[in-house]
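Reproduced below: input11.cif, with mmCIF, C-alpha atoms.
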data_work
#
loop_
_atom_site.label_atom_id
_atom_site.label_comp_id
_atom_site.auth_asym_id
_atom_site.auth_seq_id
_atom_site.Cartn_x
_atom_site.Cartn_y
_atom_site.Cartn_z
CA MET Q 1 -8.30 -25.47 -20.42
CA THR Q 2 -10.56 -23.29 -18.30
CA ALA Q 3 -13.81 -24.97 -17.33
CA GLY Q 4 -16.89 -23.16 -18.56
CA LEU Q 5 -19.56 -21.89 -16.23
CA PRO Q 6 -22.85 -23.83 -16.08
CA PRO Q 7 -25.54 -22.30 -18.30
CA LEU Q 8 -28.40 -20.49 -16.59
CA PRO Q 9 -32.01 -20.88 -17.65
CA ALA Q 10 -33.34 -17.91 -19.55
CA ALA Q 11 -35.75 -17.08 -16.73
CA ALA Q 12 -32.79 -16.31 -14.44
CA LEU Q 13 -31.81 -13.32 -16.59
CA PRO Q 14 -33.74 -10.12 -15.85
CA PRO Q 15 -34.98 -7.74 -18.55
CA ALA Q 16 -32.04 -5.42 -17.78
CA ALA Q 17 -29.73 -7.59 -19.89
CA PRO Q 18 -28.56 -5.89 -23.11
CA PRO Q 19 -30.90 -6.44 -26.04
CA GLY Q 20 -29.70 -8.91 -28.63
CA PRO Q 21 -26.25 -10.42 -29.08
CA GLY Q 22 -22.97 -8.59 -29.05
CA GLY Q 23 -23.43 -5.89 -26.44
CA ALA Q 24 -20.08 -4.10 -26.65
CA ILE Q 25 -17.95 -2.64 -23.86
CA GLY Q 26 -14.99 -0.48 -24.81
CA PHE Q 27 -11.90 -0.10 -22.64
CA ALA Q 28 -10.04 3.15 -23.33
CA LEU Q 29 -6.42 2.34 -22.50
CA LEU Q 30 -4.18 5.24 -21.52
CA PRO Q 31 -0.37 4.89 -21.40
CA GLY Q 32 0.94 3.44 -18.14
CA PHE Q 33 -2.35 1.73 -17.22
CA SER Q 34 -2.32 -1.26 -14.88
CA LEU Q 35 -2.58 -4.60 -16.66
CA LEU Q 36 -4.02 -6.14 -13.48
CA SER Q 37 -6.79 -3.54 -13.38
CA LEU Q 38 -7.74 -4.27 -16.99
CA ALA Q 39 -7.53 -8.04 -16.54
CA GLY Q 40 -9.91 -8.09 -13.57
CA ALA Q 41 -12.65 -6.41 -15.58
CA THR Q 42 -12.15 -8.29 -18.84
CA ASP Q 43 -11.75 -11.67 -17.11
CA ALA Q 44 -15.10 -11.17 -15.37
CA LEU Q 45 -16.73 -10.38 -18.72
CA ALA Q 46 -15.07 -13.37 -20.44
CA ALA Q 47 -16.12 -15.77 -17.69
CA ALA Q 48 -19.68 -14.45 -17.81
CA ALA Q 49 -19.79 -15.22 -21.53
CA ASP Q 50 -19.76 -18.95 -20.76
CA THR Q 51 -23.04 -18.48 -18.92
CA LEU Q 52 -24.71 -15.71 -20.90
CA GLY Q 53 -24.21 -17.19 -24.33
CA PRO Q 54 -25.72 -14.89 -26.98
CA ARG Q 55 -26.24 -12.21 -24.36
CA ALA Q 56 -22.50 -12.05 -23.70
CA TRP Q 57 -20.62 -8.79 -23.69
CA ARG Q 58 -18.09 -8.16 -26.43
CA VAL Q 59 -14.86 -6.41 -25.32
CA LEU Q 60 -13.06 -3.84 -27.46
CA HIS Q 61 -9.72 -2.27 -26.57
CA LEU Q 62 -9.32 1.33 -27.74
CA SER Q 63 -6.44 3.82 -27.84
CA ALA Q 64 -6.05 7.42 -28.94
CA ASP Q 65 -4.54 6.53 -32.30
CA GLY Q 66 -5.33 2.82 -32.71
CA ALA Q 67 -1.74 1.85 -31.92
CA PRO Q 68 -0.74 -0.56 -29.11
CA VAL Q 69 -0.57 0.96 -25.63
CA VAL Q 70 2.30 0.32 -23.22
CA ALA Q 71 1.09 -0.76 -19.79
CA GLN Q 72 2.71 0.05 -16.46
CA CYS Q 73 4.62 -3.26 -16.58
CA ALA Q 74 6.05 -2.34 -20.05
CA THR Q 75 3.78 -4.84 -21.88
CA ARG Q 76 2.46 -3.58 -25.22
CA VAL Q 77 -1.27 -4.25 -25.50
CA ALA Q 78 -2.85 -4.37 -28.95
CA VAL Q 79 -6.10 -2.48 -29.48
CA ASP Q 80 -9.04 -2.85 -31.85
CA ARG Q 81 -9.82 0.76 -32.78
CA ALA Q 82 -8.85 4.38 -32.26
CA PHE Q 83 -11.10 6.50 -30.06
CA ALA Q 84 -12.40 8.37 -33.10
CA ASP Q 85 -13.33 5.11 -34.86
CA ALA Q 86 -15.13 3.45 -31.94
CA PRO Q 87 -18.38 1.70 -32.95
CA PRO Q 88 -21.61 2.05 -30.94
CA LEU Q 89 -20.96 0.89 -27.37
CA GLN Q 90 -23.17 0.07 -24.42
CA ALA Q 91 -20.34 1.06 -22.07
CA LEU Q 92 -16.91 2.67 -22.08
CA VAL Q 93 -14.38 2.29 -19.27
CA VAL Q 94 -11.29 4.50 -19.01
CA VAL Q 95 -8.31 2.56 -17.65
CA SER Q 96 -5.53 4.83 -16.38
CA ASP Q 97 -2.96 4.91 -13.59
CA ARG Q 98 -1.12 8.18 -14.05
CA ALA Q 99 -1.59 11.79 -15.07
CA VAL Q 100 -2.92 12.14 -18.62
CA PRO Q 101 -1.48 14.81 -20.94
CA PRO Q 102 -3.90 17.33 -22.49
CA GLY Q 103 -3.47 15.84 -25.97
CA LEU Q 104 -4.84 12.49 -24.85
CA GLN Q 105 -7.59 14.15 -22.85
CA ALA Q 106 -8.65 16.02 -25.98
CA ALA Q 107 -8.66 12.80 -28.02
CA LEU Q 108 -10.81 10.99 -25.45
CA ARG Q 109 -13.35 13.70 -24.70
CA PRO Q 110 -15.46 13.54 -27.93
CA LEU Q 111 -15.94 9.80 -27.45
CA LEU Q 112 -17.05 10.27 -23.84
CA ALA Q 113 -19.47 13.03 -24.85
CA ARG Q 114 -20.92 10.97 -27.69
CA LEU Q 115 -21.49 7.89 -25.56
CA ASP Q 116 -22.96 9.89 -22.70
CA ALA Q 117 -25.47 11.42 -25.12
CA GLU Q 118 -26.31 7.90 -26.33
CA GLY Q 119 -27.02 6.72 -22.78
CA ALA Q 120 -24.01 4.41 -22.41
CA MET Q 121 -22.56 3.42 -19.07
CA LEU Q 122 -19.29 5.28 -18.45
CA GLY Q 123 -16.61 4.02 -16.09
CA GLY Q 124 -13.13 4.60 -14.80
CA ILE Q 125 -10.59 2.21 -13.32
CA GLY Q 126 -7.51 3.30 -11.35
CA SER Q 127 -7.37 7.04 -12.00
CA GLY Q 128 -9.93 6.80 -14.80
CA ALA Q 129 -12.56 8.61 -12.72
CA ALA Q 130 -10.42 11.74 -12.95
CA GLU Q 131 -10.88 11.78 -16.74
CA LEU Q 132 -14.65 11.47 -16.38
CA ALA Q 133 -14.65 14.32 -13.87
CA ARG Q 134 -12.55 16.56 -16.14
CA ALA Q 135 -15.10 15.94 -18.89
CA GLY Q 136 -17.90 17.05 -16.54
CA LEU Q 137 -19.46 13.58 -16.45
CA LEU Q 138 -19.35 12.87 -12.71
CA ALA Q 139 -21.21 15.91 -11.34
CA GLY Q 140 -23.63 14.77 -8.66
CA HIS Q 141 -22.33 11.19 -8.75
CA ARG Q 142 -20.50 9.08 -6.21
CA ALA Q 143 -17.10 8.05 -7.55
CA THR Q 144 -13.84 6.52 -6.42
CA LEU Q 145 -10.32 6.10 -7.71
CA HIS Q 146 -6.97 5.05 -6.31
CA TRP Q 147 -6.66 6.35 -2.73
CA ALA Q 148 -3.53 8.39 -3.52
CA GLU Q 149 -5.48 10.61 -5.93
CA SER Q 150 -8.83 10.93 -4.13
CA GLN Q 151 -8.01 14.16 -2.29
CA ALA Q 152 -6.83 15.91 -5.46
CA LEU Q 153 -10.02 14.87 -7.28
CA ALA Q 154 -12.24 16.07 -4.43
CA GLU Q 155 -10.49 19.45 -4.35
CA ALA Q 156 -10.56 19.94 -8.12
CA HIS Q 157 -14.18 18.78 -8.55
CA PRO Q 158 -16.32 19.66 -5.51
CA ASP Q 159 -19.44 18.63 -7.45
CA VAL Q 160 -18.29 14.98 -7.30
CA VAL Q 161 -18.92 12.88 -4.18
CA VAL Q 162 -15.48 11.24 -3.88
CA SER Q 163 -15.24 8.15 -1.68
CA SER Q 164 -12.35 5.93 -0.58
CA HIS Q 165 -14.35 2.78 -1.35
CA LEU Q 166 -13.20 -0.11 -3.53
CA TYR Q 167 -15.74 0.70 -6.21
CA GLU Q 168 -18.87 2.77 -6.81
CA ILE Q 169 -21.80 1.98 -9.09
CA ASP Q 170 -24.03 5.05 -9.31
CA ARG Q 171 -26.66 5.07 -12.06
CA ARG Q 172 -24.76 5.03 -15.38
CA ARG Q 173 -21.33 5.44 -13.75
CA LEU Q 174 -18.95 2.73 -12.55
CA THR Q 175 -15.66 3.76 -10.94
CA CYS Q 176 -13.10 1.57 -9.29
CA ALA Q 177 -9.84 1.89 -7.37
CA GLY Q 178 -8.12 -0.54 -9.71
CA GLY Q 179 -6.02 -3.61 -9.03
CA SER Q 180 -7.97 -6.67 -7.93
CA ALA Q 181 -10.97 -4.46 -7.07
CA SER Q 182 -11.84 -4.31 -10.78
CA LEU Q 183 -12.84 -7.98 -10.65
CA ASP Q 184 -15.24 -7.35 -7.75
CA ALA Q 185 -16.63 -4.24 -9.43
CA PHE Q 186 -17.47 -6.01 -12.67
CA ILE Q 187 -18.91 -9.09 -10.97
CA ALA Q 188 -21.17 -6.72 -9.01
CA TRP Q 189 -22.13 -4.81 -12.18
CA LEU Q 190 -22.86 -8.03 -14.07
CA GLY Q 191 -24.98 -9.14 -11.12
CA GLN Q 192 -27.05 -5.98 -11.39
CA ARG Q 193 -27.59 -6.67 -15.06
CA HIS Q 194 -28.11 -10.43 -15.03
CA GLY Q 195 -29.02 -11.55 -11.54
CA GLU Q 196 -27.56 -13.09 -8.39
CA ARG Q 197 -27.10 -16.56 -9.89
CA LEU Q 198 -24.52 -15.18 -12.28
CA VAL Q 199 -22.67 -13.59 -9.34
CA GLN Q 200 -22.52 -16.94 -7.56
CA ALA Q 201 -21.35 -18.71 -10.72
CA LEU Q 202 -18.57 -16.15 -11.21
CA LEU Q 203 -17.43 -16.38 -7.60
CA ALA Q 204 -17.18 -20.15 -7.97
CA HIS Q 205 -15.33 -19.76 -11.29
CA PHE Q 206 -12.68 -17.49 -9.74
CA GLY Q 207 -12.47 -19.45 -6.49
CA LEU Q 208 -13.65 -16.50 -4.41
CA GLU Q 209 -15.33 -16.99 -1.05
CA ARG Q 210 -17.38 -13.82 -1.36
CA LEU Q 211 -17.89 -10.70 -3.42
CA ARG Q 212 -16.34 -7.67 -1.74
CA ASP Q 213 -18.92 -4.96 -1.26
CA GLY Q 214 -18.25 -1.68 -3.01
CA SER Q 215 -18.47 0.18 0.29
CA GLU Q 216 -15.44 -1.62 1.71
CA PRO Q 217 -12.54 0.84 2.13
CA GLN Q 218 -9.37 0.73 0.09
CA ARG Q 219 -6.28 -0.30 1.98
CA SER Q 220 -3.57 2.35 1.89
CA PRO Q 221 0.08 1.31 2.40
CA VAL Q 222 -0.10 2.39 6.05
CA SER Q 223 -3.17 0.33 6.92
CA GLY Q 224 -1.66 -2.65 5.13
CA ARG Q 225 1.62 -2.41 7.01
CA ILE Q 226 0.40 -1.67 10.53
CA GLY Q 227 -2.87 -3.64 10.42
CA GLY Q 228 -4.99 -3.47 13.56
CA GLY Q 229 -2.14 -3.96 16.03
CA ALA Q 230 -1.25 -0.30 16.49
CA PRO Q 231 -4.45 1.75 16.73
CA LYS Q 232 -2.66 4.78 18.23
CA LEU Q 233 -0.30 4.86 15.27
CA ALA Q 234 -3.22 4.57 12.85
CA GLU Q 235 -4.92 7.51 14.61
CA ALA Q 236 -1.74 9.57 14.38
CA VAL Q 237 -1.34 8.88 10.66
CA ALA Q 238 -5.00 9.75 10.06
CA LEU Q 239 -4.46 13.09 11.84
CA MET Q 240 -1.45 13.79 9.64
CA GLU Q 241 -3.34 12.95 6.45
CA ALA Q 242 -6.22 15.22 7.48
CA ASN Q 243 -3.90 18.15 8.26
CA LEU Q 244 -1.43 18.36 5.38
CA GLY Q 245 -2.05 22.05 4.72
CA GLU Q 246 -1.54 23.09 8.35
CA PRO Q 247 0.85 20.54 9.87
CA LEU Q 248 0.38 19.70 13.53
CA PRO Q 249 3.40 19.64 15.88
CA THR Q 250 4.42 16.16 16.98
CA GLU Q 251 3.52 17.04 20.59
CA ASP Q 252 -0.05 17.94 19.54
CA ILE Q 253 -0.46 14.70 17.59
CA ALA Q 254 0.75 12.67 20.57
CA ARG Q 255 -1.62 14.51 22.91
CA LEU Q 256 -4.60 14.07 20.59
CA VAL Q 257 -4.09 10.30 20.32
CA GLY Q 258 -3.41 9.94 24.06
CA VAL Q 259 0.29 9.02 24.20
CA SER Q 260 3.52 10.80 25.06
CA ARG Q 261 5.82 12.13 22.36
CA ARG Q 262 8.39 9.43 23.19
CA GLN Q 263 5.74 6.71 22.91
CA LEU Q 264 4.60 8.07 19.56
CA GLU Q 265 8.16 8.15 18.25
CA ARG Q 266 8.66 4.52 19.38
CA LEU Q 267 5.48 3.47 17.54
CA PHE Q 268 6.61 5.14 14.31
CA LYS Q 269 10.09 3.65 14.59
CA GLN Q 270 8.78 0.16 15.36
CA HIS Q 271 6.13 -0.05 12.61
CA LEU Q 272 7.26 2.44 9.95
CA ASP Q 273 11.00 2.75 10.69
CA GLU Q 274 10.68 6.53 10.62
CA LEU Q 275 10.34 9.51 12.94
CA PRO Q 276 6.87 11.14 13.00
CA SER Q 277 8.21 14.46 11.67
CA ARG Q 278 9.95 12.83 8.72
CA TYR Q 279 6.94 10.65 7.92
CA TYR Q 280 4.69 13.75 8.03
CA ALA Q 281 7.04 15.63 5.69
CA GLU Q 282 6.99 12.71 3.26
CA LEU Q 283 3.17 12.75 3.17
CA ARG Q 284 3.18 16.45 2.38
CA LEU Q 285 5.83 16.15 -0.32
CA GLN Q 286 4.08 13.23 -1.99
CA ARG Q 287 0.85 15.22 -2.06
CA ALA Q 288 2.72 18.19 -3.54
CA ARG Q 289 4.16 15.92 -6.21
CA ARG Q 290 0.68 14.68 -7.18
CA LEU Q 291 -0.68 18.23 -7.33
CA LEU Q 292 2.19 19.28 -9.59
CA GLN Q 293 1.39 16.38 -11.92
CA GLN Q 294 -2.39 16.58 -11.88
CA THR Q 295 -3.42 20.23 -11.42
CA GLY Q 296 -2.71 23.63 -12.88
CA GLN Q 297 -2.22 25.33 -9.51
CA SER Q 298 0.82 27.56 -9.20
CA ILE Q 299 3.90 26.22 -7.45
CA LEU Q 300 3.40 28.67 -4.59
CA GLN Q 301 -0.25 27.60 -4.18
CA ILE Q 302 0.77 23.96 -4.04
CA GLY Q 303 3.53 24.66 -1.53
CA LEU Q 304 1.18 26.54 0.78
CA ALA Q 305 -1.53 23.87 0.40
CA CYS Q 306 0.98 21.26 1.53
CA GLY Q 307 2.09 23.11 4.64
CA PHE Q 308 5.22 24.90 3.46
CA ALA Q 309 5.65 28.42 4.79
CA SER Q 310 7.11 29.91 1.58
CA GLY Q 311 8.02 29.13 -2.00
CA SER Q 312 11.71 28.81 -1.16
CA HIS Q 313 10.98 26.46 1.76
CA PHE Q 314 8.88 24.27 -0.54
CA SER Q 315 11.46 24.32 -3.34
CA ASN Q 316 14.35 23.38 -1.06
CA ALA Q 317 12.43 20.54 0.61
CA TYR Q 318 11.20 19.22 -2.75
CA ARG Q 319 14.70 19.26 -4.28
CA ALA Q 320 16.17 17.51 -1.24
CA ARG Q 321 13.58 14.72 -1.57
CA PHE Q 322 13.25 14.26 -5.36
CA GLY Q 323 16.51 15.65 -6.73
CA HIS Q 324 14.93 18.53 -8.68
CA THR Q 325 12.85 21.61 -7.93
CA PRO Q 326 9.07 21.88 -8.37
CA ARG Q 327 9.66 24.20 -11.33
CA GLU Q 328 11.87 21.61 -13.01
CA ALA Q 329 9.23 18.93 -12.35
CA ARG Q 330 6.63 21.11 -14.07
CA SER Q 331 8.94 21.67 -17.05
CA GLN Q 332 9.51 17.93 -17.41
CA ARG Q 333 5.77 17.28 -17.28
CA ALA Q 334 5.07 19.96 -19.88
CA LEU Q 335 7.60 18.41 -22.27
CA ALA Q 336 6.19 14.92 -21.75
CA TRP Q 337 2.64 16.14 -22.33
CA ARG Q 338 3.69 18.01 -25.49
CA ASP Q 339 5.41 14.91 -26.90
CA GLN Q 340 2.52 12.57 -26.08
CA GLY Q 341 -0.03 15.05 -27.37
CA GLN Q 342 1.85 15.38 -30.68
CA ALA Q 343 2.05 11.59 -30.94
CA ALA Q 344 -1.71 11.26 -30.34
CA ALA Q 345 -2.45 13.92 -32.97
CA THR Q 346 -0.21 12.36 -35.63
CA PRO Q 347 -2.34 10.46 -38.18
CA THR Q 348 -1.50 6.79 -38.65
#
Can the structure in the file be given as structure tokens, please?
Amino acid sequence: MTAGLPPLPAAALPPAAPPGPGGAIGFALLPGFSLLSLAGATDALAAAADTLGPRAWRVLHLSADGAPVVAQCATRVAVDRAFADAPPLQALVVVSDRAVPPGLQAALRPLLARLDAEGAMLGGIGSGAAELARAGLLAGHRATLHWAESQALAEAHPDVVVSSHLYEIDRRRLTCAGGSASLDAFIAWLGQRHGERLVQALLAHFGLERLRDGSEPQRSPVSGRIGGGAPKLAEAVALMEANLGEPLPTEDIARLVGVSRRQLERLFKQHLDELPSRYYAELRLQRARRLLQQTGQSILQIGLACGFASGSHFSNAYRARFGHTPREARSQRALAWRDQGQAAATPT
């Protein structure tokens, strides 16, 4: 049995706490969401309930049609209501980890608009911030999402201040990179609402030494694998990531980071088991893949934006890496979106 948190005296709770019992937070679950991302947020809210008592937050799981949603790990998660039947909420958090078909976007948008008009807090976990941005609800706000999608969001929505931080809490918006960061984000948010003593109680409950600050950067696969032991390699990778549209020759990258080409190749081989040119090409192709999935740009526009000299060059490189052409990838996405959109529109 999980030990409850010690109760706090009423004086420790600031006036910002939700009025009356049963403040409700909805979690809009989109297919393929991360169960870990959802659990971090809901576990923080459940643990806080032991302390807050009648001021506790009530969690509701929502889906487009009220049917269970399949998570990334293939677990089916039951929900309480459909988007259209959601009761009044103090907050709504979109939990997503992949591109969302137009049918689901259309089902979610009226709920977001209604709650925004009612003054609710709106949030996004994983790639959830992208759905808020598409609905026009992040203009002029700081926001974050999983590092792999941040560049695409910044390009598609220049009115959003996109960061690579773990989480952002900006006025009535909470966005988070997902994974374990959702626990930190919701402890921080609860602390803003209910005071520092609740933060300390939650940290003790989860056995955490400290609360990670929202401004801490996300760790990409490269930073996690090379750590701080190869700063020249980290500089080289950063140069590549900043110049995907106009790729730099390997000699130029080596010169800019202050090593010879042979030294740079040895660093890549030692830490990443790859040649610099092949690693660079993989970065560009992965970005192209995300743009194909998440934007409406033409295939030629995407190819040029990712450093390919022509449509045929892009198509050949993409097929060699993924086993199908960019056009075929778009066709597969269109079919998947049509099927999911029809499923969301089918009455239960």
Practice task
Name the residues captured by the PyMOL selection byres ((chain Q and resi 44) around 9) when it is applied to the shown file; answer as a PyMOL selection string.
Solution key: chain Q and resi 39-43+45-49+182-184+186-187+190+202+206
Mind dumping the selected residues with C-alpha atoms as a PDB file, in the coordinates of the input?
ATOM      1  CA  ALA Q  39      -7.530  -8.040 -16.540  1.00  0.00           C
ATOM      2  CA  GLY Q  40      -9.910  -8.090 -13.570  1.00  0.00           C
ATOM      3  CA  ALA Q  41     -12.650  -6.410 -15.580  1.00  0.00           C
ATOM      4  CA  THR Q  42     -12.150  -8.290 -18.840  1.00  0.00           C
ATOM      5  CA  ASP Q  43     -11.750 -11.670 -17.110  1.00  0.00           C
ATOM      6  CA  LEU Q  45     -16.730 -10.380 -18.720  1.00  0.00           C
ATOM      7  CA  ALA Q  46     -15.070 -13.370 -20.440  1.00  0.00           C
ATOM      8  CA  ALA Q  47     -16.120 -15.770 -17.690  1.00  0.00           C
ATOM      9  CA  ALA Q  48     -19.680 -14.450 -17.810  1.00  0.00           C
ATOM     10  CA  ALA Q  49     -19.790 -15.220 -21.530  1.00  0.00           C
ATOM     11  CA  SER Q 182     -11.840  -4.310 -10.780  1.00  0.00           C
ATOM     12  CA  LEU Q 183     -12.840  -7.980 -10.650  1.00  0.00           C
ATOM     13  CA  ASP Q 184     -15.240  -7.350  -7.750  1.00  0.00           C
ATOM     14  CA  PHE Q 186     -17.470  -6.010 -12.670  1.00  0.00           C
ATOM     15  CA  ILE Q 187     -18.910  -9.090 -10.970  1.00  0.00           C
ATOM     16  CA  LEU Q 190     -22.860  -8.030 -14.070  1.00  0.00           C
ATOM     17  CA  LEU Q 202     -18.570 -16.150 -11.210  1.00  0.00           C
ATOM     18  CA  PHE Q 206     -12.680 -17.490  -9.740  1.00  0.00           C
TER      19      PHE Q 206
END
Problem - Counting all atoms listed in the file, the residue of Q:Arg284, Q:Ala86, Q:Ala156, Q:Met240 that sits nearest Q:Leu256 - result: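 Closest candidate: Q:Met240.
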Completion exercise
atom CA of Q:Pro88 to atom CA of Q:Leu145 measures 26.1 Å
Exercise for the section: Apply the PyMOL selection byres ((chain Q and resi 200) around 12) to the structure shown and report the selected residues as a PyMOL selection string. Expected result: chain Q and resi 5-6+8+48+51+187-188+190-191+194-199+201-211
Find the smallest box with edges along x, y and z containing every listed atom of stretch 56-59 of chain Q, then add 5 Å on each side and report centre and edge lengths in Å to one decimal, as AutoDock Vina command-line options.
--center_x -18.7 --center_y -9.2 --center_z -25.1 --size_x 17.6 --size_y 15.6 --size_z 12.7
Exercise for the section: Quick one: apply the PyMOL selection byres ((chain Q and resi 104-118) around 7) to the file and drop the selected residues here as a list in words. Expected result: Ala64, Phe83, Ala84, Val100, Pro101, Pro102, Gly103, Gly119, Ala120, Ala135, Gly341 and Ala344 of chain Q
Exercise for the section: Between atom CA of Q:Gln218 and atom CA of Q:Ser164, measure the distance and give it in Å to one decimal. Expected result: 6.0 Å
Exercise for the section: Just give me the gap between atom CA of Q:Ser34 and atom CA of Q:Gln332 in Å, one decimal is fine. Expected result: 22.7 Å
Exercise for the section: Using only C-alpha atoms, pick whichever of Q:Leu272, Q:Ala329, Q:Ala238, Q:Ile125 has the shortest atom-to-atom distance to Q:Ile299. Expected result: Q:Ala329
May I have the residues within 12 Å of Q:Gly245 as a PDB file with C-alpha atoms, in the frame of the given file, using all atoms listed in the file and disregarding those fewer than 2 positions away in the same chain?
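What ended up in part-v7.pdb:
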ATOM      1  CA  LEU Q 239      -4.460  13.090  11.840  1.00  0.00           C
ATOM      2  CA  MET Q 240      -1.450  13.790   9.640  1.00  0.00           C
ATOM      3  CA  GLU Q 241      -3.340  12.950   6.450  1.00  0.00           C
ATOM      4  CA  ALA Q 242      -6.220  15.220   7.480  1.00  0.00           C
ATOM      5  CA  ASN Q 243      -3.900  18.150   8.260  1.00  0.00           C
ATOM      6  CA  PRO Q 247       0.850  20.540   9.870  1.00  0.00           C
ATOM      7  CA  LEU Q 248       0.380  19.700  13.530  1.00  0.00           C
ATOM      8  CA  TYR Q 280       4.690  13.750   8.030  1.00  0.00           C
ATOM      9  CA  ALA Q 281       7.040  15.630   5.690  1.00  0.00           C
ATOM     10  CA  LEU Q 283       3.170  12.750   3.170  1.00  0.00           C
ATOM     11  CA  ARG Q 284       3.180  16.450   2.380  1.00  0.00           C
ATOM     12  CA  LEU Q 285       5.830  16.150  -0.320  1.00  0.00           C
ATOM     13  CA  ARG Q 287       0.850  15.220  -2.060  1.00  0.00           C
ATOM     14  CA  ALA Q 288       2.720  18.190  -3.540  1.00  0.00           C
ATOM     15  CA  GLN Q 301      -0.250  27.600  -4.180  1.00  0.00           C
ATOM     16  CA  ILE Q 302       0.770  23.960  -4.040  1.00  0.00           C
ATOM     17  CA  GLY Q 303       3.530  24.660  -1.530  1.00  0.00           C
ATOM     18  CA  LEU Q 304       1.180  26.540   0.780  1.00  0.00           C
ATOM     19  CA  ALA Q 305      -1.530  23.870   0.400  1.00  0.00           C
ATOM     20  CA  CYS Q 306       0.980  21.260   1.530  1.00  0.00           C
ATOM     21  CA  GLY Q 307       2.090  23.110   4.640  1.00  0.00           C
ATOM     22  CA  PHE Q 308       5.220  24.900   3.460  1.00  0.00           C
ATOM     23  CA  ALA Q 309       5.650  28.420   4.790  1.00  0.00           C
TER      24      ALA Q 309
END
Problem - Distance query Q:Ala78 at most 12 Å, only C-alpha atoms, self and fewer than 6 positions along chain excluded, as a list in words - result: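 Returned residues: Phe27, Ala28, Leu29, Leu60, His61, Leu62, Ser63, Asp65, Gly66, Ala67, Pro68, Val69, Val70 and Ala71 of chain Q.
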Completion exercise
Between Q:Asp50, Q:Asp80, Q:Asp213, Q:Glu149, smallest distance to Q:Asp97 by only C-alpha atoms belongs to Q:Glu149
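With distances taken over all atoms listed in the file, Q:Arg330 is the one residue among Q:Arg330, Q:His313, Q:Lys269, Q:Arg321 lying closest to Q:Gln297.
Among Q:Ala82, Q:Leu153, Q:Ala236, Q:Leu244, the residue with the shortest atom-to-atom distance to Q:Ser260, counting all atoms listed in the file, is Q:Ala236.
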